[in-house]
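S.K.: Input query-v7.cif, format and content: mmCIF, C-alpha atoms.
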```
data_upload
#
loop_
_atom_site.label_atom_id
_atom_site.label_comp_id
_atom_site.auth_asym_id
_atom_site.auth_seq_id
_atom_site.Cartn_x
_atom_site.Cartn_y
_atom_site.Cartn_z
CA MET A 1341 131.84 62.72 99.34
CA SER A 1342 131.47 66.46 99.71
CA VAL A 1343 129.05 68.75 97.94
CA ASN A 1344 129.13 72.51 97.83
CA ARG A 1345 129.33 74.41 94.56
CA ASN A 1346 131.27 71.54 93.05
CA LEU A 1347 130.48 67.85 93.28
CA HIS A 1348 133.40 65.72 94.53
CA VAL A 1349 133.45 61.98 95.11
CA GLY A 1350 135.60 59.39 96.85
CA ASN A 1351 138.42 59.54 99.35
CA HIS A 1352 140.66 61.35 96.88
CA ASN A 1353 138.13 64.17 96.47
CA ARG A 1354 138.02 63.64 92.70
CA LEU A 1355 136.11 66.40 90.90
CA ALA A 1356 133.01 64.83 89.36
CA CYS A 1357 130.91 67.80 88.35
CA ALA A 1358 132.40 71.27 88.20
CA THR A 1359 130.31 74.40 88.42
CA GLY A 1360 128.79 75.19 85.05
CA ILE A 1361 129.01 71.63 83.73
CA THR A 1362 126.02 69.30 83.75
CA ARG A 1363 126.43 65.57 84.29
CA THR A 1364 123.90 62.74 84.47
CA TRP A 1365 123.77 60.10 87.20
CA THR A 1366 121.55 57.24 88.24
CA ILE A 1367 120.17 58.34 91.58
CA GLU A 1368 117.81 56.95 94.23
CA PRO A 1369 116.25 58.89 97.13
CA ARG A 1370 117.27 57.70 100.58
CA GLY A 1371 115.62 60.31 102.81
CA ARG A 1372 115.27 64.06 103.08
CA ASP A 1373 117.76 65.70 100.66
CA THR A 1374 119.80 62.47 100.55
CA TYR A 1375 120.35 60.29 97.48
CA VAL A 1376 122.36 57.23 96.47
CA LEU A 1377 124.25 57.53 93.19
CA GLY A 1378 125.72 54.80 91.00
CA SER A 1379 125.35 51.04 90.83
CA THR A 1380 125.07 48.59 93.70
CA THR A 1381 128.78 47.80 93.39
CA ASN A 1382 129.90 51.42 93.39
CA VAL A 1383 127.49 53.46 95.48
CA LEU A 1384 128.01 57.09 96.44
CA VAL A 1385 125.88 59.01 98.92
CA ALA A 1386 125.12 62.66 98.26
CA ASN A 1387 123.35 65.35 100.24
CA PHE A 1388 121.81 68.32 98.44
CA PRO A 1389 120.61 70.88 100.98
CA GLY A 1390 120.40 74.63 100.57
CA GLN A 1391 122.57 76.38 98.02
CA THR A 1392 124.28 73.32 96.52
CA GLY A 1393 124.09 71.32 93.34
CA ARG A 1394 120.74 69.54 93.11
CA PRO A 1395 118.63 67.29 90.91
CA VAL A 1396 116.67 69.50 88.55
CA SER A 1397 114.78 67.17 86.22
CA ALA A 1398 114.13 63.46 85.79
CA ILE A 1399 114.22 61.07 82.87
CA PRO A 1400 112.03 58.23 84.18
CA ARG A 1401 113.46 54.74 84.57
CA ASN A 1402 111.69 51.54 85.58
CA ASN A 1403 109.88 52.94 88.61
CA GLN A 1404 109.19 56.23 90.33
CA ASN A 1405 111.84 55.63 93.01
CA ASN A 1406 114.72 54.98 90.61
CA GLN A 1407 115.27 57.72 88.07
CA ARG A 1408 118.07 59.23 86.06
CA TRP A 1409 118.40 62.80 87.24
CA ILE A 1410 120.14 65.72 85.60
CA LEU A 1411 122.32 67.25 88.27
CA ASP A 1412 122.66 71.01 88.13
CA PRO A 1413 125.97 72.02 89.74
CA ASN A 1414 125.03 75.70 89.88
CA PRO A 1415 123.64 77.28 93.07
CA ILE A 1416 119.89 77.46 93.48
CA ARG A 1417 118.56 80.90 92.66
CA SER A 1418 116.10 82.19 95.25
CA ILE A 1419 113.43 84.50 93.85
CA SER A 1420 110.51 85.79 95.88
CA ALA A 1421 107.08 85.12 94.42
CA SER A 1422 105.14 88.19 95.52
CA SER A 1423 102.08 87.38 93.41
CA PRO A 1424 100.64 84.34 91.59
CA GLU A 1425 101.91 85.67 88.26
CA THR A 1426 105.48 86.25 89.44
CA ALA A 1427 107.89 84.03 87.53
CA VAL A 1428 109.86 81.58 89.66
CA ALA A 1429 113.32 80.58 88.40
CA GLU A 1430 113.95 76.83 88.57
CA ASP A 1431 116.38 75.02 86.27
CA ARG A 1432 116.53 78.34 84.36
CA THR A 1433 112.81 77.87 83.65
CA ARG A 1434 110.10 80.51 84.04
CA TYR A 1435 106.93 79.38 85.80
CA THR A 1436 103.65 81.28 86.08
CA SER A 1437 100.34 80.37 87.65
CA GLY A 1438 98.19 77.70 86.08
CA THR A 1439 95.14 75.59 86.85
CA PRO A 1440 94.82 73.21 89.82
CA GLY A 1441 95.34 69.58 88.84
CA THR A 1442 96.99 70.36 85.51
CA ILE A 1443 100.44 70.94 84.01
CA ILE A 1444 100.39 73.67 81.35
CA VAL A 1445 103.04 74.19 78.67
CA GLN A 1446 103.07 77.67 77.12
CA ASN A 1447 104.95 78.13 73.82
CA ASN A 1448 106.38 81.66 73.78
CA LEU A 1449 108.55 81.02 70.74
CA SER A 1450 107.89 82.36 67.25
CA ARG A 1451 107.66 78.81 65.92
CA TYR A 1452 105.78 75.64 66.81
CA ILE A 1453 107.09 73.03 69.21
CA TYR A 1454 106.18 69.50 70.29
CA ALA A 1455 105.67 68.48 73.90
CA ALA A 1456 104.97 65.35 75.95
CA VAL A 1457 104.30 64.94 79.67
CA SER A 1458 105.16 61.80 81.63
CA SER A 1459 102.72 59.86 83.82
CA ARG A 1460 103.49 57.99 87.02
CA THR A 1461 100.63 55.55 86.44
CA PRO A 1462 100.72 53.46 83.23
CA GLY A 1463 97.52 53.86 81.23
CA VAL A 1464 96.54 57.10 82.98
CA GLY A 1465 97.11 60.32 81.04
CA GLN A 1466 98.35 61.01 77.52
CA THR A 1467 102.14 60.55 77.28
CA TRP A 1468 102.84 60.99 73.58
CA GLN A 1469 103.83 63.88 71.30
CA PHE A 1470 101.54 66.92 70.97
CA TYR A 1471 101.86 69.93 68.68
CA ILE A 1472 101.81 73.41 70.24
CA ALA A 1473 101.59 76.38 67.86
CA ALA A 1474 103.55 79.58 68.44
CA GLY A 1475 101.93 81.63 71.20
CA SER A 1476 99.66 78.75 72.23
CA ARG A 1477 99.42 76.41 75.22
CA LEU A 1478 98.31 72.90 76.08
CA SER A 1479 97.44 71.34 79.42
CA TRP A 1480 97.71 67.83 80.85
CA THR A 1481 95.73 66.55 83.84
CA ARG A 1482 98.10 65.11 86.43
CA PRO A 1483 97.84 64.43 90.20
CA ALA A 1484 101.53 65.20 90.82
CA SER A 1485 104.55 66.85 89.20
CA GLU A 1486 105.94 65.15 86.11
CA THR A 1487 108.65 65.56 83.49
CA VAL A 1488 107.89 67.73 80.46
CA HIS A 1489 109.78 66.81 77.27
CA VAL A 1490 109.90 69.50 74.56
CA SER A 1491 111.43 69.36 71.08
CA THR A 1492 111.43 71.42 67.89
CA GLY A 1493 110.40 68.58 65.60
CA VAL A 1494 112.78 69.57 62.80
CA ASP A 1495 116.21 70.28 64.30
CA LEU A 1496 117.76 66.88 65.00
CA GLY A 1497 118.98 66.53 68.54
CA THR A 1498 117.13 69.62 69.80
CA PHE A 1499 115.06 68.80 72.87
CA ARG A 1500 114.91 69.71 76.54
CA THR A 1501 113.27 68.38 79.69
CA TYR A 1502 111.56 70.52 82.32
CA VAL A 1503 110.01 69.97 85.73
CA GLY A 1504 106.25 70.14 85.14
CA ARG A 1505 104.65 71.46 88.32
CA VAL A 1506 100.98 70.73 88.92
CA GLY A 1507 99.01 73.98 89.05
CA SER A 1508 101.73 75.92 87.21
CA THR A 1509 102.58 76.91 83.64
CA VAL A 1510 105.96 75.99 82.16
CA ASN A 1511 106.96 78.85 79.85
CA ILE A 1512 109.05 77.82 76.85
CA ASP A 1513 111.00 81.00 76.19
CA ASP A 1514 114.03 79.49 74.51
CA LEU A 1515 114.79 76.23 72.71
CA THR A 1516 118.09 76.70 70.92
CA PRO A 1517 118.59 74.37 67.95
CA ASN A 1518 121.45 71.91 68.16
CA PRO A 1519 123.98 73.29 65.66
CA GLU A 1520 125.52 69.88 64.99
CA TRP A 1521 123.74 66.53 64.80
CA ASN A 1522 126.14 63.75 65.80
CA GLY A 1523 124.09 60.94 64.36
CA VAL A 1524 122.24 57.98 65.83
CA THR A 1525 123.46 56.69 69.18
CA SER A 1526 124.03 52.93 69.34
CA ILE A 1527 123.52 51.08 72.61
CA ALA A 1528 125.73 47.99 72.84
CA ALA A 1529 123.88 44.77 73.62
CA ALA A 1530 126.04 44.39 76.73
CA ASN A 1531 124.63 47.68 78.03
CA ALA A 1532 121.00 46.86 77.21
CA ARG A 1533 118.63 44.77 79.31
CA TYR A 1534 116.78 41.71 78.00
CA VAL A 1535 114.40 39.15 79.45
CA PRO A 1536 113.17 35.94 77.81
CA GLY A 1537 110.47 36.44 75.18
CA SER A 1538 108.66 34.35 72.57
CA ALA A 1539 110.39 32.24 69.93
CA GLY A 1540 110.38 33.94 66.52
CA TRP A 1541 109.56 37.37 67.93
CA ILE A 1542 111.49 40.51 68.92
CA SER A 1543 109.69 42.27 71.76
CA VAL A 1544 110.12 45.74 73.28
CA GLN A 1545 108.83 46.60 76.75
CA ASN A 1546 108.38 50.25 77.73
CA ASN A 1547 109.20 50.85 81.41
CA LEU A 1548 109.35 54.64 81.03
CA ARG A 1549 106.70 57.14 82.05
CA PHE A 1550 106.59 58.45 78.47
CA SER A 1551 105.35 56.77 75.33
CA ILE A 1552 108.14 55.52 73.09
CA TYR A 1553 108.28 55.01 69.32
CA VAL A 1554 109.80 51.80 67.99
CA ALA A 1555 110.84 50.64 64.52
CA VAL A 1556 112.27 47.13 64.02
CA MET A 1557 114.36 46.64 60.91
CA THR A 1558 114.42 43.48 58.79
CA SER A 1559 117.29 41.84 56.91
CA VAL A 1560 114.82 40.17 54.55
CA TRP A 1561 112.98 42.79 52.51
CA GLY A 1562 109.20 42.54 52.76
CA SER A 1563 109.28 40.06 55.65
CA GLY A 1564 107.76 42.37 58.28
CA GLN A 1565 106.55 45.85 59.12
CA THR A 1566 109.38 48.31 59.65
CA GLY A 1567 107.36 51.45 60.33
CA GLN A 1568 107.44 53.36 63.59
CA PHE A 1569 104.95 52.13 66.20
CA ILE A 1570 103.99 53.71 69.52
CA VAL A 1571 104.51 51.66 72.68
CA TYR A 1572 102.68 53.08 75.69
CA PRO A 1573 104.14 53.12 79.24
CA GLY A 1574 103.93 49.74 80.94
CA THR A 1575 103.16 47.84 77.72
CA THR A 1576 105.02 45.48 75.38
CA GLU A 1577 104.85 45.15 71.58
CA SER A 1578 106.33 42.35 69.43
CA TRP A 1579 107.54 41.93 65.84
CA SER A 1580 107.86 38.63 63.96
CA ARG A 1581 111.36 38.20 62.52
CA TYR A 1582 113.67 35.45 61.22
CA GLY A 1583 116.56 36.53 63.42
CA SER A 1584 117.97 39.38 65.51
CA GLU A 1585 117.58 42.86 64.01
CA VAL A 1586 118.30 46.54 64.68
CA VAL A 1587 115.65 48.26 66.82
CA LEU A 1588 115.28 52.06 66.66
CA VAL A 1589 113.76 53.66 69.76
CA SER A 1590 112.77 57.26 70.43
CA MET A 1591 110.62 58.84 73.12
CA ALA A 1592 108.21 61.50 74.31
CA SER A 1593 108.08 64.62 72.12
CA ALA A 1594 110.88 63.62 69.74
CA PRO A 1595 110.14 60.49 67.67
CA GLY A 1596 112.83 61.54 65.19
CA ILE A 1597 115.69 61.40 67.72
CA VAL A 1598 116.43 57.69 67.91
CA GLN A 1599 118.77 55.27 69.64
CA ALA A 1600 119.72 51.96 68.06
CA TYR A 1601 119.55 48.69 69.98
CA THR A 1602 120.08 45.03 69.12
CA GLY A 1603 116.70 43.32 69.02
CA ARG A 1604 117.37 39.72 70.00
CA ILE A 1605 115.08 37.11 68.51
CA GLY A 1606 113.16 35.32 71.25
CA SER A 1607 113.91 38.06 73.79
CA THR A 1608 112.26 41.21 75.16
CA LEU A 1609 114.27 44.42 75.10
CA ILE A 1610 113.56 46.50 78.22
CA ILE A 1611 113.52 50.28 77.70
CA ASP A 1612 113.93 51.90 81.10
CA SER A 1613 116.35 54.78 80.47
#
```
Mind turning the file's structure into structure tokens?
M.R.:
Amino acid sequence: MSVNRNLHVGNHNRLACATGITRTWTIEPRGRDTYVLGSTTNVLVANFPGQTGRPVSAIPRNNQNNQRWILDPNPIRSISASSPETAVAEDRTRYTSGTPGTIIVQNNLSRYIYAAVSSRTPGVGQTWQFYIAAGSRLSWTRPASETVHVSTGVDLGTFRTYVGRVGSTVNIDDLTPNPEWNGVTSIAAANARYVPGSAGWISVQNNLRFSIYVAVMTSVWGSGQTGQFIVYPGTTESWSRYGSEVVLVSMASAPGIVQAYTGRIGSTLIIDS
């Protein structure tokens, strides 16, 4: 595998991620600037030093050492920070100084937004959706950098993730609405992960660092609650049903942007990506 401005993989030097195109990979750290990509049966090793493509933000998976990263194929932009208020370009994001021990999100748009900040430790820190008015800011207490998830709340499919640096302010200067909503994404049962649960119940376990929002449908009208419930990181919630049903799951700042899963009766659906 070679990495410079383009990401190539394999002995045939197949182009995997051209400059200007963003791809997502499952990636695990294996040392300084070195990561393993892919599954255990098809592992690639990548090195991201200097001016090469690099991981720029994380969507948490089942633990802090195994995350899905968004890989930016564009060169890193080096900007000198001559004063605490100098903006630093990272992932095309503008950062300014903040408060020690906190991650601040500043809404510089002319409209409100919603934001959520992940937490490495289940039960520590608020990880659900918060409203931020135009020109306003909110802060989250965190001991280390986390992922910031921002959405518009009304434009389906419009959200973005940022690196939330402790002691810095993430400036939201642009959040372009998605011009075309492609509908609900369905995750095939073969691509989902289940573990044994309780007979007569559909359970959902949240292994993310964000809160998720879950609604379990019912084929028998009036036989169970079908509203949207919050499931906090590291916790499990269950719904009594007669059989398997559709489960709608959303996350972080965007409870309206859902994915559909098969909720198997007597099993626990694991949400870790």
S.K.: Could you give me, as a VMD selection string, the residues within 8 Å of Ile1552 of chain A, counting all atoms listed in the file and dropping anything in the same chain fewer than 5 positions from it?
M.R.: chain A and resid 1468 1546 1570 to 1573 1589 to 1592 1595
S.K.: Just write the chosen residues, C-alpha atoms, as a PDB file, keeping the file's coordinate frame.
M.R.:
```
ATOM      1  CA  TRP A1468     102.840  60.990  73.580  1.00  0.00           C
ATOM      2  CA  ASN A1546     108.380  50.250  77.730  1.00  0.00           C
ATOM      3  CA  ILE A1570     103.990  53.710  69.520  1.00  0.00           C
ATOM      4  CA  VAL A1571     104.510  51.660  72.680  1.00  0.00           C
ATOM      5  CA  TYR A1572     102.680  53.080  75.690  1.00  0.00           C
ATOM      6  CA  PRO A1573     104.140  53.120  79.240  1.00  0.00           C
ATOM      7  CA  VAL A1589     113.760  53.660  69.760  1.00  0.00           C
ATOM      8  CA  SER A1590     112.770  57.260  70.430  1.00  0.00           C
ATOM      9  CA  MET A1591     110.620  58.840  73.120  1.00  0.00           C
ATOM     10  CA  ALA A1592     108.210  61.500  74.310  1.00  0.00           C
ATOM     11  CA  PRO A1595     110.140  60.490  67.670  1.00  0.00           C
TER      12      PRO A1595
END
```
S.K.: Care to translate the PyMOL selection byres ((chain A and resi 1452-1464) around 8) into actual residues of this file, as a PDB file with C-alpha atoms, in the frame of the given file?
M.R.:
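Contents of expr-v4.pdb, as written:
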```pdb
ATOM      1  CA  GLN A1404     109.190  56.230  90.330  1.00  0.00           C
ATOM      2  CA  VAL A1445     103.040  74.190  78.670  1.00  0.00           C
ATOM      3  CA  ASN A1447     104.950  78.130  73.820  1.00  0.00           C
ATOM      4  CA  LEU A1449     108.550  81.020  70.740  1.00  0.00           C
ATOM      5  CA  SER A1450     107.890  82.360  67.250  1.00  0.00           C
ATOM      6  CA  ARG A1451     107.660  78.810  65.920  1.00  0.00           C
ATOM      7  CA  GLY A1465      97.110  60.320  81.040  1.00  0.00           C
ATOM      8  CA  GLN A1466      98.350  61.010  77.520  1.00  0.00           C
ATOM      9  CA  THR A1467     102.140  60.550  77.280  1.00  0.00           C
ATOM     10  CA  TRP A1468     102.840  60.990  73.580  1.00  0.00           C
ATOM     11  CA  GLN A1469     103.830  63.880  71.300  1.00  0.00           C
ATOM     12  CA  PHE A1470     101.540  66.920  70.970  1.00  0.00           C
ATOM     13  CA  TYR A1471     101.860  69.930  68.680  1.00  0.00           C
ATOM     14  CA  ILE A1472     101.810  73.410  70.240  1.00  0.00           C
ATOM     15  CA  ALA A1473     101.590  76.380  67.860  1.00  0.00           C
ATOM     16  CA  ALA A1474     103.550  79.580  68.440  1.00  0.00           C
ATOM     17  CA  TRP A1480      97.710  67.830  80.850  1.00  0.00           C
ATOM     18  CA  ARG A1482      98.100  65.110  86.430  1.00  0.00           C
ATOM     19  CA  GLU A1486     105.940  65.150  86.110  1.00  0.00           C
ATOM     20  CA  THR A1487     108.650  65.560  83.490  1.00  0.00           C
ATOM     21  CA  VAL A1488     107.890  67.730  80.460  1.00  0.00           C
ATOM     22  CA  HIS A1489     109.780  66.810  77.270  1.00  0.00           C
ATOM     23  CA  VAL A1490     109.900  69.500  74.560  1.00  0.00           C
ATOM     24  CA  SER A1491     111.430  69.360  71.080  1.00  0.00           C
ATOM     25  CA  THR A1492     111.430  71.420  67.890  1.00  0.00           C
ATOM     26  CA  GLY A1493     110.400  68.580  65.600  1.00  0.00           C
ATOM     27  CA  GLY A1504     106.250  70.140  85.140  1.00  0.00           C
ATOM     28  CA  ARG A1549     106.700  57.140  82.050  1.00  0.00           C
ATOM     29  CA  PHE A1550     106.590  58.450  78.470  1.00  0.00           C
ATOM     30  CA  TYR A1572     102.680  53.080  75.690  1.00  0.00           C
ATOM     31  CA  PRO A1573     104.140  53.120  79.240  1.00  0.00           C
ATOM     32  CA  GLY A1574     103.930  49.740  80.940  1.00  0.00           C
ATOM     33  CA  ALA A1592     108.210  61.500  74.310  1.00  0.00           C
ATOM     34  CA  SER A1593     108.080  64.620  72.120  1.00  0.00           C
ATOM     35  CA  ALA A1594     110.880  63.620  69.740  1.00  0.00           C
TER      36      ALA A1594
END
```
S.K.: Quick check, in Å to one decimal: how far apart do atom CA of Val1544 of chain A and atom CA of Gly1564 of chain A lie?
M.R.: 15.6 Å
S.K.: Report as a VMD selection string all protein, DNA and RNA residues lying within 12 Å of Leu1588 of chain A, evaluated on only C-alpha atoms, omitting residues in the same chain fewer than 3 positions from it.
M.R.: chain A and resid 1524 to 1527 1544 1552 to 1558 1566 to 1570 1585 1591 1595 to 1603 1609 1611
S.K.: Go through A:Asp1513, A:Asp1612, A:Asp1495, A:Glu1577 and flag the residue nearest Ser1538 of chain A, using only C-alpha atoms for the distances.
M.R.: A:Glu1577
S.K.: What is the distance, in Å and to one decimal place, between atom CA of Val1560 of chain A and atom CA of Val1586 of chain A?
M.R.: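 Going from atom CA of Val1560 of chain A over to atom CA of Val1586 of chain A covers 12.5 Å.
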S.K.: State, in Å with one decimal place, the distance from atom CA of Ser1476 of chain A to atom CA of Ile1512 of chain A.
M.R.: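 If I compute the distance from atom CA of Ser1476 of chain A to atom CA of Ile1512 of chain A, I get 10.5 Å.
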S.K.: Skip Arg1604 of chain A itself and residues of its chain fewer than 4 positions away, then list as a PyMOL selection string all residues within 10 Å of it, counting all atoms listed in the file.
M.R.: chain A and resi 1529+1534-1537+1540-1544+1581+1583-1587+1608-1609
